[in-house]
Amino acid sequence: MFFEPRTQLTGDKITLIKPRALFSEITTLFQLIDNNRKNLLPWLTLIQTPTLKNQEDIFKLLLEIESKWKQQEIFTYLVYHNETLIGIISALISVPANNGTEIYFWQSKEFTKKGFIQQALSLIEKEFFFLGVERLSIKCDVENYTARGIAIKAGYRLEGIMRHAYWNAPLKSYRDLYVFSKIKNE
């Protein structure tokens with residue numbers, strides 16, 4: 001299946017924009033990550049040192065995001081509120097044969113509990129269900145209470161727990177994941 005999602009999705013509180021490897025976005029994204037490292041770890045292991053330690057690493061990440069978009073593997077959006085970058089949301093085409101897509105997201109701590117990620121998730125759902133995706137899923141560590149709450153509030157159903165699903169380097173242990181899903185027309 002070939003996907004061609006829009007590069008900008010707009011809601012009443014936020015706008016999702018496909019990232020570009022522009023200096024302004026590199027600088028802003030690096031500052032956002034750097035200011036939120038403690039809050040995002042241990043759940044977002046991509047940001048741990050030395051993975052994204054400077055602006056050059058962010059530039060490489062944005063080039064990789066662009067490549068993954070062209071390859072129809074991952075569609076990542078920067079989440080903006082009033083022209084302020086507040087987070088990221090991505091749709092990973094995980095099982096093309098049955099139109100399965102995994103959603104990953106994070107946001108700056110100062111913007112939590114304001115409904116921004118809920119709205120970003122809703123925009124992603126509308127876009128990808130419209131494009132023919134049948135199933136969306138959210139996987140999160142069983143102790144990531146924020147992500148779990150967002151999934152439940154958005155109407156995703158808990159399917160189960162993947163035991164020892166990944167190695168979490170900051171916690172130095174294998175971790176279990178909740179798997180939540182939403183089916184088109186639910």
# chains A, B, ... in the order shown; residues from 1 in each chain; ligands from 1
call {"tool": "residues_around", "arguments": {"residues": "range 15-21 of chain A", "least_positions_apart": "2", "cutoff": "9 Å", "atoms": "only C-alpha atoms", "output": "JSON, numbers by chain"}}
result
{"A": [6, 7, 8, 9, 10, 11, 12, 13, 23, 24, 25, 26, 58, 59, 60, 61, 62, 63, 65, 66, 75, 76, 77, 78, 79, 80, 81, 82, 83, 88, 89, 120, 123, 124]}
call {"tool": "residues_around", "arguments": {"residues": "Asp176 in chain A", "least_positions_apart": "3", "cutoff": "12 Å", "atoms": "only C-alpha atoms", "output": "PDB file with all heavy atoms, in the first residue's frame"}}
result
ATOM      1  N   TRP A  43      11.872   6.549  29.189  1.00  0.00           N
ATOM      2  CA  TRP A  43      10.938   6.019  28.198  1.00  0.00           C
ATOM      3  C   TRP A  43      11.385   6.239  26.760  1.00  0.00           C
ATOM      4  O   TRP A  43      11.128   5.406  25.906  1.00  0.00           O
ATOM      5  CB  TRP A  43       9.553   6.619  28.407  1.00  0.00           C
ATOM      6  CG  TRP A  43       9.167   6.671  29.845  1.00  0.00           C
ATOM      7  CD1 TRP A  43       8.753   7.769  30.535  1.00  0.00           C
ATOM      8  CD2 TRP A  43       9.206   5.608  30.803  1.00  0.00           C
ATOM      9  NE1 TRP A  43       8.527   7.453  31.844  1.00  0.00           N
ATOM     10  CE2 TRP A  43       8.801   6.124  32.044  1.00  0.00           C
ATOM     11  CE3 TRP A  43       9.561   4.268  30.739  1.00  0.00           C
ATOM     12  CZ2 TRP A  43       8.720   5.354  33.186  1.00  0.00           C
ATOM     13  CZ3 TRP A  43       9.488   3.496  31.887  1.00  0.00           C
ATOM     14  CH2 TRP A  43       9.064   4.033  33.087  1.00  0.00           C
ATOM     15  N   LYS A 139       2.312   1.402  21.822  1.00  0.00           N
ATOM     16  CA  LYS A 139       3.038   0.551  22.758  1.00  0.00           C
ATOM     17  C   LYS A 139       3.757   1.463  23.740  1.00  0.00           C
ATOM     18  O   LYS A 139       4.391   2.431  23.326  1.00  0.00           O
ATOM     19  CB  LYS A 139       4.058  -0.328  22.034  1.00  0.00           C
ATOM     20  CG  LYS A 139       3.433  -1.341  21.108  1.00  0.00           C
ATOM     21  CD  LYS A 139       4.499  -2.144  20.393  1.00  0.00           C
ATOM     22  CE  LYS A 139       3.873  -3.114  19.413  1.00  0.00           C
ATOM     23  NZ  LYS A 139       4.914  -3.798  18.613  1.00  0.00           N
ATOM     24  N   CYS A 140       3.650   1.137  25.008  1.00  0.00           N
ATOM     25  CA  CYS A 140       4.345   1.948  26.009  1.00  0.00           C
ATOM     26  C   CYS A 140       4.766   1.070  27.181  1.00  0.00           C
ATOM     27  O   CYS A 140       4.123   0.058  27.477  1.00  0.00           O
ATOM     28  CB  CYS A 140       3.488   3.112  26.476  1.00  0.00           C
ATOM     29  SG  CYS A 140       1.972   2.648  27.327  1.00  0.00           S
ATOM     30  N   ASP A 141       5.840   1.461  27.813  1.00  0.00           N
ATOM     31  CA  ASP A 141       6.321   0.759  28.998  1.00  0.00           C
ATOM     32  C   ASP A 141       5.193   0.702  30.027  1.00  0.00           C
ATOM     33  O   ASP A 141       4.428   1.657  30.170  1.00  0.00           O
ATOM     34  CB  ASP A 141       7.531   1.509  29.565  1.00  0.00           C
ATOM     35  CG  ASP A 141       8.251   0.715  30.630  1.00  0.00           C
ATOM     36  OD1 ASP A 141       7.697   0.602  31.749  1.00  0.00           O
ATOM     37  OD2 ASP A 141       9.350   0.204  30.358  1.00  0.00           O
ATOM     38  N   VAL A 142       5.110  -0.398  30.743  1.00  0.00           N
ATOM     39  CA  VAL A 142       4.028  -0.556  31.719  1.00  0.00           C
ATOM     40  C   VAL A 142       4.099   0.475  32.840  1.00  0.00           C
ATOM     41  O   VAL A 142       3.104   0.710  33.526  1.00  0.00           O
ATOM     42  CB  VAL A 142       3.979  -1.984  32.309  1.00  0.00           C
ATOM     43  CG1 VAL A 142       3.642  -2.998  31.219  1.00  0.00           C
ATOM     44  CG2 VAL A 142       5.270  -2.347  33.010  1.00  0.00           C
ATOM     45  N   GLU A 143       5.249   1.115  33.014  1.00  0.00           N
ATOM     46  CA  GLU A 143       5.363   2.155  34.037  1.00  0.00           C
ATOM     47  C   GLU A 143       5.318   3.572  33.471  1.00  0.00           C
ATOM     48  O   GLU A 143       5.498   4.536  34.198  1.00  0.00           O
ATOM     49  CB  GLU A 143       6.632   1.945  34.863  1.00  0.00           C
ATOM     50  CG  GLU A 143       6.556   0.696  35.718  1.00  0.00           C
ATOM     51  CD  GLU A 143       7.767   0.517  36.616  1.00  0.00           C
ATOM     52  OE1 GLU A 143       8.446   1.511  36.930  1.00  0.00           O
ATOM     53  OE2 GLU A 143       8.021  -0.631  37.008  1.00  0.00           O
ATOM     54  N   ASN A 144       5.056   3.683  32.177  1.00  0.00           N
ATOM     55  CA  ASN A 144       4.903   5.006  31.562  1.00  0.00           C
ATOM     56  C   ASN A 144       3.433   5.402  31.681  1.00  0.00           C
ATOM     57  O   ASN A 144       2.628   5.241  30.769  1.00  0.00           O
ATOM     58  CB  ASN A 144       5.358   4.979  30.099  1.00  0.00           C
ATOM     59  CG  ASN A 144       5.374   6.344  29.469  1.00  0.00           C
ATOM     60  OD1 ASN A 144       4.733   7.273  29.945  1.00  0.00           O
ATOM     61  ND2 ASN A 144       6.094   6.477  28.374  1.00  0.00           N
ATOM     62  N   GLY A 160      -2.979  -6.258  25.582  1.00  0.00           N
ATOM     63  CA  GLY A 160      -2.200  -7.153  26.427  1.00  0.00           C
ATOM     64  C   GLY A 160      -0.837  -6.564  26.747  1.00  0.00           C
ATOM     65  O   GLY A 160      -0.586  -5.381  26.523  1.00  0.00           O
ATOM     66  N   ILE A 161       0.002  -7.414  27.281  1.00  0.00           N
ATOM     67  CA  ILE A 161       1.346  -7.023  27.677  1.00  0.00           C
ATOM     68  C   ILE A 161       2.352  -7.874  26.917  1.00  0.00           C
ATOM     69  O   ILE A 161       2.234  -9.097  26.873  1.00  0.00           O
ATOM     70  CB  ILE A 161       1.551  -7.211  29.197  1.00  0.00           C
ATOM     71  CG1 ILE A 161       0.591  -6.304  29.970  1.00  0.00           C
ATOM     72  CG2 ILE A 161       2.999  -6.935  29.586  1.00  0.00           C
ATOM     73  CD1 ILE A 161       0.605  -6.538  31.471  1.00  0.00           C
ATOM     74  N   MET A 162       3.321  -7.211  26.313  1.00  0.00           N
ATOM     75  CA  MET A 162       4.455  -7.906  25.696  1.00  0.00           C
ATOM     76  C   MET A 162       5.541  -7.994  26.767  1.00  0.00           C
ATOM     77  O   MET A 162       6.093  -6.969  27.173  1.00  0.00           O
ATOM     78  CB  MET A 162       4.975  -7.131  24.471  1.00  0.00           C
ATOM     79  CG  MET A 162       3.995  -7.041  23.342  1.00  0.00           C
ATOM     80  SD  MET A 162       4.596  -5.981  21.988  1.00  0.00           S
ATOM     81  CE  MET A 162       6.046  -6.878  21.454  1.00  0.00           C
ATOM     82  N   ARG A 163       5.803  -9.184  27.222  1.00  0.00           N
ATOM     83  CA  ARG A 163       6.766  -9.365  28.303  1.00  0.00           C
ATOM     84  C   ARG A 163       8.194  -9.277  27.784  1.00  0.00           C
ATOM     85  O   ARG A 163       8.509  -9.808  26.730  1.00  0.00           O
ATOM     86  CB  ARG A 163       6.519 -10.699  28.976  1.00  0.00           C
ATOM     87  CG  ARG A 163       5.147 -10.773  29.602  1.00  0.00           C
ATOM     88  CD  ARG A 163       4.801 -12.113  30.170  1.00  0.00           C
ATOM     89  NE  ARG A 163       5.930 -13.014  30.129  1.00  0.00           N
ATOM     90  CZ  ARG A 163       5.908 -14.257  30.558  1.00  0.00           C
ATOM     91  NH1 ARG A 163       4.823 -14.748  31.060  1.00  0.00           N
ATOM     92  NH2 ARG A 163       6.959 -15.021  30.486  1.00  0.00           N
ATOM     93  N   HIS A 164       9.028  -8.588  28.530  1.00  0.00           N
ATOM     94  CA  HIS A 164      10.446  -8.400  28.172  1.00  0.00           C
ATOM     95  C   HIS A 164      10.586  -8.022  26.694  1.00  0.00           C
ATOM     96  O   HIS A 164      11.391  -8.581  25.974  1.00  0.00           O
ATOM     97  CB  HIS A 164      11.253  -9.656  28.491  1.00  0.00           C
ATOM     98  CG  HIS A 164      11.529  -9.788  29.951  1.00  0.00           C
ATOM     99  ND1 HIS A 164      12.729 -10.199  30.438  1.00  0.00           N
ATOM    100  CD2 HIS A 164      10.761  -9.561  31.045  1.00  0.00           C
ATOM    101  CE1 HIS A 164      12.695 -10.216  31.754  1.00  0.00           C
ATOM    102  NE2 HIS A 164      11.493  -9.833  32.145  1.00  0.00           N
ATOM    103  N   ALA A 165       9.838  -7.032  26.293  1.00  0.00           N
ATOM    104  CA  ALA A 165       9.752  -6.653  24.880  1.00  0.00           C
ATOM    105  C   ALA A 165      10.950  -5.856  24.382  1.00  0.00           C
ATOM    106  O   ALA A 165      11.219  -5.828  23.189  1.00  0.00           O
ATOM    107  CB  ALA A 165       8.478  -5.854  24.640  1.00  0.00           C
ATOM    108  N   TYR A 166      11.660  -5.189  25.300  1.00  0.00           N
ATOM    109  CA  TYR A 166      12.808  -4.408  24.858  1.00  0.00           C
ATOM    110  C   TYR A 166      13.776  -4.201  26.007  1.00  0.00           C
ATOM    111  O   TYR A 166      13.414  -4.312  27.174  1.00  0.00           O
ATOM    112  CB  TYR A 166      12.364  -3.060  24.262  1.00  0.00           C
ATOM    113  CG  TYR A 166      11.921  -2.030  25.283  1.00  0.00           C
ATOM    114  CD1 TYR A 166      12.736  -0.939  25.584  1.00  0.00           C
ATOM    115  CD2 TYR A 166      10.707  -2.139  25.951  1.00  0.00           C
ATOM    116  CE1 TYR A 166      12.347   0.011  26.514  1.00  0.00           C
ATOM    117  CE2 TYR A 166      10.301  -1.189  26.872  1.00  0.00           C
ATOM    118  CZ  TYR A 166      11.133  -0.116  27.157  1.00  0.00           C
ATOM    119  OH  TYR A 166      10.740   0.811  28.077  1.00  0.00           O
ATOM    120  N   TRP A 167      15.008  -3.892  25.634  1.00  0.00           N
ATOM    121  CA  TRP A 167      16.045  -3.583  26.623  1.00  0.00           C
ATOM    122  C   TRP A 167      16.040  -2.081  26.843  1.00  0.00           C
ATOM    123  O   TRP A 167      16.149  -1.302  25.904  1.00  0.00           O
ATOM    124  CB  TRP A 167      17.413  -4.028  26.137  1.00  0.00           C
ATOM    125  CG  TRP A 167      18.529  -3.611  27.056  1.00  0.00           C
ATOM    126  CD1 TRP A 167      19.407  -2.591  26.861  1.00  0.00           C
ATOM    127  CD2 TRP A 167      18.869  -4.185  28.310  1.00  0.00           C
ATOM    128  NE1 TRP A 167      20.266  -2.497  27.914  1.00  0.00           N
ATOM    129  CE2 TRP A 167      19.963  -3.472  28.837  1.00  0.00           C
ATOM    130  CE3 TRP A 167      18.350  -5.246  29.065  1.00  0.00           C
ATOM    131  CZ2 TRP A 167      20.555  -3.768  30.054  1.00  0.00           C
ATOM    132  CZ3 TRP A 167      18.941  -5.544  30.274  1.00  0.00           C
ATOM    133  CH2 TRP A 167      20.033  -4.812  30.761  1.00  0.00           C
ATOM    134  N   ASN A 168      15.903  -1.669  28.088  1.00  0.00           N
ATOM    135  CA  ASN A 168      15.918  -0.254  28.436  1.00  0.00           C
ATOM    136  C   ASN A 168      17.252   0.037  29.107  1.00  0.00           C
ATOM    137  O   ASN A 168      17.462  -0.332  30.265  1.00  0.00           O
ATOM    138  CB  ASN A 168      14.745   0.077  29.370  1.00  0.00           C
ATOM    139  CG  ASN A 168      14.641   1.549  29.645  1.00  0.00           C
ATOM    140  OD1 ASN A 168      15.593   2.168  30.112  1.00  0.00           O
ATOM    141  ND2 ASN A 168      13.481   2.113  29.384  1.00  0.00           N
ATOM    142  N   SER A 173      17.462  -2.931  32.284  1.00  0.00           N
ATOM    143  CA  SER A 173      16.618  -4.118  32.421  1.00  0.00           C
ATOM    144  C   SER A 173      15.750  -4.302  31.178  1.00  0.00           C
ATOM    145  O   SER A 173      15.508  -3.364  30.421  1.00  0.00           O
ATOM    146  CB  SER A 173      15.708  -3.997  33.651  1.00  0.00           C
ATOM    147  OG  SER A 173      14.792  -2.934  33.479  1.00  0.00           O
ATOM    148  N   VAL A 179       0.266  -2.973  25.075  1.00  0.00           N
ATOM    149  CA  VAL A 179      -0.107  -2.791  23.679  1.00  0.00           C
ATOM    150  C   VAL A 179      -1.579  -2.365  23.660  1.00  0.00           C
ATOM    151  O   VAL A 179      -2.460  -3.091  24.122  1.00  0.00           O
ATOM    152  CB  VAL A 179       0.069  -4.077  22.848  1.00  0.00           C
ATOM    153  CG1 VAL A 179      -0.374  -3.843  21.395  1.00  0.00           C
ATOM    154  CG2 VAL A 179       1.505  -4.551  22.905  1.00  0.00           C
TER     155      VAL A 179
END
call {"tool": "closest_residue", "arguments": {"among": "A:Ile14, A:Leu52, A:Ala151, A:Arg37", "to": "Lys114 in chain A", "atoms": "only C-alpha atoms"}}
result
A:Ile14
call {"tool": "select_by_dssp", "arguments": {"residues": "range 44-178 of chain A", "states": "strand (DSSP E or B)", "output": "PyMOL selection string"}}
result
chain A and resi 74-81+84-95+100-107+135-141+157-168+173-178
call {"tool": "residues_around", "arguments": {"residues": "Leu136 in chain A", "least_positions_apart": "5", "cutoff": "7 Å", "atoms": "only C-alpha atoms", "output": "list in words"}}
result
Gly100, Thr101, Glu102, Ile103, Ser181, Lys182 and Ile183 of chain A
call {"tool": "residues_around", "arguments": {"residues": "Asn35 in chain A", "least_positions_apart": "2", "cutoff": "12 Å", "atoms": "only C-alpha atoms", "output": "JSON, numbers by chain"}}
result
{"A": [28, 29, 30, 31, 32, 33, 37, 38, 39, 40, 41, 47, 53, 86, 87, 107, 108, 109, 110]}
call {"tool": "residues_around", "arguments": {"residues": "Gln72 in chain A", "least_positions_apart": "2", "cutoff": "8 Å", "atoms": "only C-alpha atoms", "output": "count of residues only"}}
result
8
call {"tool": "residues_around", "arguments": {"residues": "Gly155 in chain A", "least_positions_apart": "6", "cutoff": "12 Å", "atoms": "only C-alpha atoms", "output": "PyMOL selection string"}}
result
chain A and resi 118+121-122+125+136-138+148-149+180-186
call {"tool": "write_last_selection", "arguments": {"atoms": "C-alpha atoms", "output": "PDB file, in the first residue's frame"}}
result
ATOM      1  CA  GLN A 118      -4.571  14.029  22.474  1.00  0.00           C
ATOM      2  CA  LEU A 121      -3.193  11.671  18.115  1.00  0.00           C
ATOM      3  CA  SER A 122      -6.676  12.486  16.815  1.00  0.00           C
ATOM      4  CA  GLU A 125      -5.929   8.843  13.436  1.00  0.00           C
ATOM      5  CA  LEU A 136      -3.436   1.836  14.954  1.00  0.00           C
ATOM      6  CA  SER A 137      -1.495   0.788  18.026  1.00  0.00           C
ATOM      7  CA  ILE A 138       0.364   2.433  20.857  1.00  0.00           C
ATOM      8  CA  ARG A 148      -0.885   4.797  29.091  1.00  0.00           C
ATOM      9  CA  GLY A 149      -3.320   7.519  30.189  1.00  0.00           C
ATOM     10  CA  PHE A 180      -3.151  -0.610  22.990  1.00  0.00           C
ATOM     11  CA  SER A 181      -5.034  -0.501  19.686  1.00  0.00           C
ATOM     12  CA  LYS A 182      -7.821   1.237  17.844  1.00  0.00           C
ATOM     13  CA  ILE A 183      -9.502  -0.210  14.778  1.00  0.00           C
ATOM     14  CA  LYS A 184     -10.900   1.903  11.966  1.00  0.00           C
ATOM     15  CA  ASN A 185     -14.612   2.598  12.495  1.00  0.00           C
ATOM     16  CA  GLU A 186     -14.475   1.828  16.242  1.00  0.00           C
TER      17      GLU A 186
END
call {"tool": "select_by_dssp", "arguments": {"residues": "range 104-142 of chain A", "states": "alpha helix (DSSP H)", "output": "PyMOL selection string"}}
result
chain A and resi 116-130
call {"tool": "atom_distance", "arguments": {"atom1": "CA of Ala91 in chain A", "atom2": "CA of Phe105 in chain A"}}
result
9.0 Å
call {"tool": "atom_distance", "arguments": {"atom1": "CA of Ile150 in chain A", "atom2": "CA of Glu134 in chain A"}}
result
20.2 Å
